[in-house]
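This is final-v9.cif. It holds mmCIF, C-alpha atoms.
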```
data_structure
#
loop_
_atom_site.group_PDB
_atom_site.id
_atom_site.type_symbol
_atom_site.label_atom_id
_atom_site.label_comp_id
_atom_site.auth_asym_id
_atom_site.auth_seq_id
_atom_site.Cartn_x
_atom_site.Cartn_y
_atom_site.Cartn_z
ATOM 1 C CA VAL A 235 -24.024 11.563 5.294
ATOM 2 C CA VAL A 236 -22.015 14.479 3.939
ATOM 3 C CA GLU A 237 -22.990 18.121 3.524
ATOM 4 C CA ASP A 238 -22.094 18.421 -0.163
ATOM 5 C CA ASP A 239 -20.005 16.990 -3.028
ATOM 6 C CA ALA A 240 -16.933 18.958 -1.960
ATOM 7 C CA GLU A 241 -16.968 17.331 1.489
ATOM 8 C CA ALA A 242 -17.478 13.896 -0.057
ATOM 9 C CA LEU A 243 -14.487 14.384 -2.370
ATOM 10 C CA ARG A 244 -12.317 15.654 0.461
ATOM 11 C CA LEU A 245 -13.138 12.621 2.612
ATOM 12 C CA MET A 246 -12.741 10.152 -0.245
ATOM 13 C CA ASN A 247 -9.357 11.528 -1.315
ATOM 14 C CA ASP A 248 -8.024 12.098 2.215
ATOM 15 C CA THR A 249 -6.765 8.573 2.735
ATOM 16 C CA GLU A 250 -3.499 6.690 2.530
ATOM 17 C CA TYR A 251 -4.940 4.317 -0.073
ATOM 18 C CA GLY A 252 -6.721 4.675 -3.389
ATOM 19 C CA LEU A 253 -7.739 1.320 -4.851
ATOM 20 C CA THR A 254 -11.403 2.001 -5.672
ATOM 21 C CA ALA A 255 -14.272 4.288 -4.760
ATOM 22 C CA SER A 256 -18.006 4.184 -5.401
ATOM 23 C CA VAL A 257 -20.357 7.058 -6.147
ATOM 24 C CA TYR A 258 -24.089 6.529 -5.697
ATOM 25 C CA THR A 259 -26.353 9.016 -7.465
ATOM 26 C CA LYS A 260 -29.110 9.054 -10.076
ATOM 27 C CA ASN A 261 -27.430 11.991 -11.823
ATOM 28 C CA GLU A 262 -24.879 10.812 -14.399
ATOM 29 C CA ASP A 263 -23.260 14.254 -14.743
ATOM 30 C CA VAL A 264 -22.691 14.462 -10.975
ATOM 31 C CA ALA A 265 -21.303 10.917 -10.913
ATOM 32 C CA LEU A 266 -18.841 11.579 -13.734
ATOM 33 C CA SER A 267 -17.745 14.886 -12.235
ATOM 34 C CA ILE A 268 -16.956 13.263 -8.896
ATOM 35 C CA LEU A 269 -15.341 10.181 -10.453
ATOM 36 C CA ARG A 270 -12.975 12.367 -12.492
ATOM 37 C CA GLN A 271 -11.784 14.095 -9.318
ATOM 38 C CA LEU A 272 -11.130 10.946 -7.285
ATOM 39 C CA ASN A 273 -7.567 9.878 -6.589
ATOM 40 C CA THR A 274 -8.269 6.165 -7.014
ATOM 41 C CA GLY A 275 -7.311 3.532 -9.535
ATOM 42 C CA THR A 276 -10.938 2.714 -10.345
ATOM 43 C CA GLY A 277 -14.192 4.474 -9.639
ATOM 44 C CA TYR A 278 -17.634 2.863 -9.711
ATOM 45 C CA TRP A 279 -21.022 4.399 -10.310
ATOM 46 C CA ASN A 280 -23.902 2.834 -8.372
ATOM 47 C CA CYS A 281 -22.001 -0.379 -7.628
ATOM 48 C CA CYS A 282 -18.968 -1.422 -5.618
ATOM 49 C CA ASP A 283 -17.127 -4.163 -7.467
ATOM 50 C CA ARG A 284 -16.150 -5.497 -10.877
ATOM 51 C CA ALA A 285 -18.968 -8.043 -10.934
ATOM 52 C CA ALA A 286 -21.554 -5.463 -12.006
ATOM 53 C CA SER A 287 -20.435 -5.407 -15.633
ATOM 54 C CA ASP A 288 -23.454 -3.470 -16.878
ATOM 55 C CA GLU A 289 -22.424 -0.366 -14.925
ATOM 56 C CA LEU A 290 -20.001 2.339 -16.015
ATOM 57 C CA PHE A 291 -16.498 2.397 -14.595
ATOM 58 C CA TYR A 292 -14.078 5.294 -14.620
ATOM 59 C CA VAL A 293 -10.634 3.754 -14.977
ATOM 60 C CA ASN A 294 -7.432 5.799 -15.109
ATOM 61 C CA GLY A 295 -8.966 8.709 -16.965
ATOM 62 C CA GLY A 296 -11.446 6.988 -19.281
ATOM 63 C CA LEU A 297 -14.862 5.390 -19.154
ATOM 64 C CA GLN A 298 -15.334 1.746 -19.959
ATOM 65 C CA LEU A 299 -18.043 -0.825 -19.365
ATOM 66 C CA THR A 300 -15.936 -3.493 -17.687
ATOM 67 C CA VAL A 301 -12.561 -3.779 -16.009
ATOM 68 C CA SER A 302 -10.580 -6.187 -18.127
ATOM 69 C CA PRO A 303 -8.445 -8.709 -16.231
ATOM 70 C CA ARG A 304 -5.843 -8.289 -19.006
ATOM 71 C CA LEU A 305 -5.141 -4.696 -17.933
ATOM 72 C CA PRO A 306 -2.819 -3.738 -15.086
ATOM 73 C CA TRP A 307 -5.272 -3.223 -12.252
ATOM 74 C CA SER A 308 -4.131 -1.356 -9.213
ATOM 75 C CA GLY A 309 -4.853 1.716 -7.216
ATOM 76 C CA ARG A 310 -3.081 4.913 -6.445
ATOM 77 C CA LYS A 311 -1.138 6.089 -3.432
ATOM 78 C CA GLY A 312 -0.542 3.166 -1.021
ATOM 79 C CA SER A 313 -2.759 0.867 -3.092
ATOM 80 C CA GLY A 314 -0.624 1.142 -6.224
ATOM 81 C CA VAL A 315 2.778 0.321 -4.775
ATOM 82 C CA GLY A 316 4.408 -2.659 -6.427
ATOM 83 C CA ALA A 317 1.817 -3.369 -9.105
ATOM 84 C CA THR A 318 2.869 -2.477 -12.641
ATOM 85 C CA LEU A 319 6.326 -1.196 -11.718
ATOM 86 C CA SER A 320 7.316 -4.272 -9.718
ATOM 87 C CA LEU A 321 9.644 -6.845 -11.263
ATOM 88 C CA GLU A 322 6.698 -9.154 -11.951
ATOM 89 C CA GLY A 323 4.688 -6.284 -13.422
ATOM 90 C CA LEU A 324 7.531 -5.231 -15.712
ATOM 91 C CA LYS A 325 7.877 -8.808 -16.991
ATOM 92 C CA THR A 326 4.423 -8.496 -18.531
ATOM 93 C CA PHE A 327 5.732 -5.770 -20.867
ATOM 94 C CA VAL A 328 8.700 -7.730 -22.267
ATOM 95 C CA GLN A 329 9.156 -10.961 -24.172
ATOM 96 C CA PRO A 330 12.509 -12.755 -24.126
ATOM 97 C CA LYS A 331 13.946 -13.764 -27.517
#
```
Spell out the structure here as structure tokens.
Amino acid sequence: VVEDDAEALRLMNDTEYGLTASVYTKNEDVALSILRQLNTGTGYWNCCDRAASDELFYVNGGLQLTVSPRLPWSGRKGSGVGATLSLEGLKTFVQPK
């Protein structure tokens, strides 16, 4: 249990990794405010994984209903190292002639 939203954000962002985070609240405005301030690759509202496709996700700055497996999916900080900017990740952006 945390004292307030500010403490929750501090604890959630004060980590070496930033793959995902979940916010549980009935208040959509509070959820979106917190999700926008998280330093994670993906944020979830009232769920904790990609299987709950009827929930809202906050992904890299924009809301969407699902996390598409076709998109580069990684985190930030220690969780994002080597994903899109790795050799294998860069190969997905080019097509040999």
query: So which residues get picked by the PyMOL selection byres ((chain A and resi 243-250) around 6) here, written as a list in words?
result: Ala240, Glu241, Ala242, Tyr251, Asn273 and Gly312 of chain A
If you keep C-alpha atoms, can you produce a file of those selected residues as a compact mmCIF listing (two decimals), keeping the file's coordinate frame?
```txt
# COMPACT_ATOMS: atom_id res chain seq x y z
CA ALA A 240 -16.93 18.96 -1.96
CA GLU A 241 -16.97 17.33 1.49
CA ALA A 242 -17.48 13.90 -0.06
CA TYR A 251 -4.94 4.32 -0.07
CA ASN A 273 -7.57 9.88 -6.59
CA GLY A 312 -0.54 3.17 -1.02
```
message: Residues within 8 Å of range 255-272 of chain A, please, as an NGL selection string. Count only C-alpha atoms; anything in the same chain fewer than 4 positions from it doesn't count.
response: :A and (239 or 243 or 246-247 or 276-282 or 292 or 295)
task: In Å, rounded to a single decimal, give me how far CA of Thr254 in chain A is from CA of Val328 in chain A.
output: 27.8 Å
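Across the chains present, the PyMOL selection byres ((chain A and resi 253) around 6) applied to this file returns Gly252, Thr254, Thr274, Gly275, Gly309 and Ser313 of chain A.
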Reconstructed N, CA, C and O atoms for range 254-273 of chain A, given as a compact mmCIF listing (two decimals), in the coordinates of the input:
```
# COMPACT_ATOMS: atom_id res chain seq x y z
N THR A 254 -10.14 1.73 -4.99
CA THR A 254 -11.40 2.00 -5.67
C THR A 254 -12.26 2.93 -4.83
O THR A 254 -12.01 3.12 -3.64
N ALA A 255 -13.27 3.49 -5.46
CA ALA A 255 -14.27 4.29 -4.76
C ALA A 255 -15.59 4.13 -5.51
O ALA A 255 -15.60 3.88 -6.71
N SER A 256 -16.68 4.28 -4.80
CA SER A 256 -18.01 4.18 -5.40
C SER A 256 -18.77 5.48 -5.18
O SER A 256 -18.70 6.07 -4.11
N VAL A 257 -19.50 5.88 -6.22
CA VAL A 257 -20.36 7.06 -6.15
C VAL A 257 -21.78 6.59 -6.44
O VAL A 257 -22.03 5.95 -7.46
N TYR A 258 -22.69 6.92 -5.54
CA TYR A 258 -24.09 6.53 -5.70
C TYR A 258 -24.93 7.78 -5.91
O TYR A 258 -25.04 8.62 -5.04
N THR A 259 -25.49 7.90 -7.12
CA THR A 259 -26.35 9.02 -7.46
C THR A 259 -27.15 8.65 -8.71
O THR A 259 -26.70 7.84 -9.53
N LYS A 260 -28.31 9.24 -8.86
CA LYS A 260 -29.11 9.05 -10.08
C LYS A 260 -28.63 9.96 -11.20
O LYS A 260 -28.95 9.73 -12.36
N ASN A 261 -27.85 10.98 -10.86
CA ASN A 261 -27.43 11.99 -11.82
C ASN A 261 -26.09 11.61 -12.44
O ASN A 261 -25.04 11.65 -11.78
N GLU A 262 -26.10 11.25 -13.72
CA GLU A 262 -24.88 10.81 -14.40
C GLU A 262 -23.82 11.91 -14.44
O GLU A 262 -22.63 11.65 -14.26
N ASP A 263 -24.23 13.16 -14.68
CA ASP A 263 -23.26 14.25 -14.74
C ASP A 263 -22.55 14.45 -13.41
O ASP A 263 -21.34 14.67 -13.36
N VAL A 264 -23.29 14.35 -12.31
CA VAL A 264 -22.69 14.46 -10.98
C VAL A 264 -21.73 13.30 -10.74
O VAL A 264 -20.61 13.49 -10.27
N ALA A 265 -22.16 12.09 -11.10
CA ALA A 265 -21.30 10.92 -10.91
C ALA A 265 -19.99 11.07 -11.67
O ALA A 265 -18.91 10.86 -11.11
N LEU A 266 -20.06 11.45 -12.93
CA LEU A 266 -18.84 11.58 -13.73
C LEU A 266 -17.95 12.70 -13.23
O LEU A 266 -16.72 12.57 -13.23
N SER A 267 -18.54 13.78 -12.79
CA SER A 267 -17.74 14.89 -12.24
C SER A 267 -16.97 14.44 -11.00
O SER A 267 -15.77 14.71 -10.88
N ILE A 268 -17.62 13.74 -10.12
CA ILE A 268 -16.96 13.26 -8.90
C ILE A 268 -15.92 12.20 -9.24
O ILE A 268 -14.79 12.23 -8.75
N LEU A 269 -16.27 11.24 -10.10
CA LEU A 269 -15.34 10.18 -10.45
C LEU A 269 -14.06 10.74 -11.07
O LEU A 269 -12.97 10.23 -10.80
N ARG A 270 -14.17 11.78 -11.86
CA ARG A 270 -12.98 12.37 -12.49
C ARG A 270 -12.05 13.04 -11.47
O ARG A 270 -10.88 13.23 -11.74
N GLN A 271 -12.58 13.40 -10.33
CA GLN A 271 -11.78 14.10 -9.32
C GLN A 271 -11.24 13.16 -8.25
O GLN A 271 -10.48 13.59 -7.38
N LEU A 272 -11.60 11.91 -8.29
CA LEU A 272 -11.13 10.95 -7.28
C LEU A 272 -9.69 10.55 -7.54
O LEU A 272 -9.27 10.40 -8.68
N ASN A 273 -8.94 10.35 -6.49
CA ASN A 273 -7.57 9.88 -6.59
C ASN A 273 -7.54 8.39 -6.28
O ASN A 273 -6.99 7.94 -5.28
```
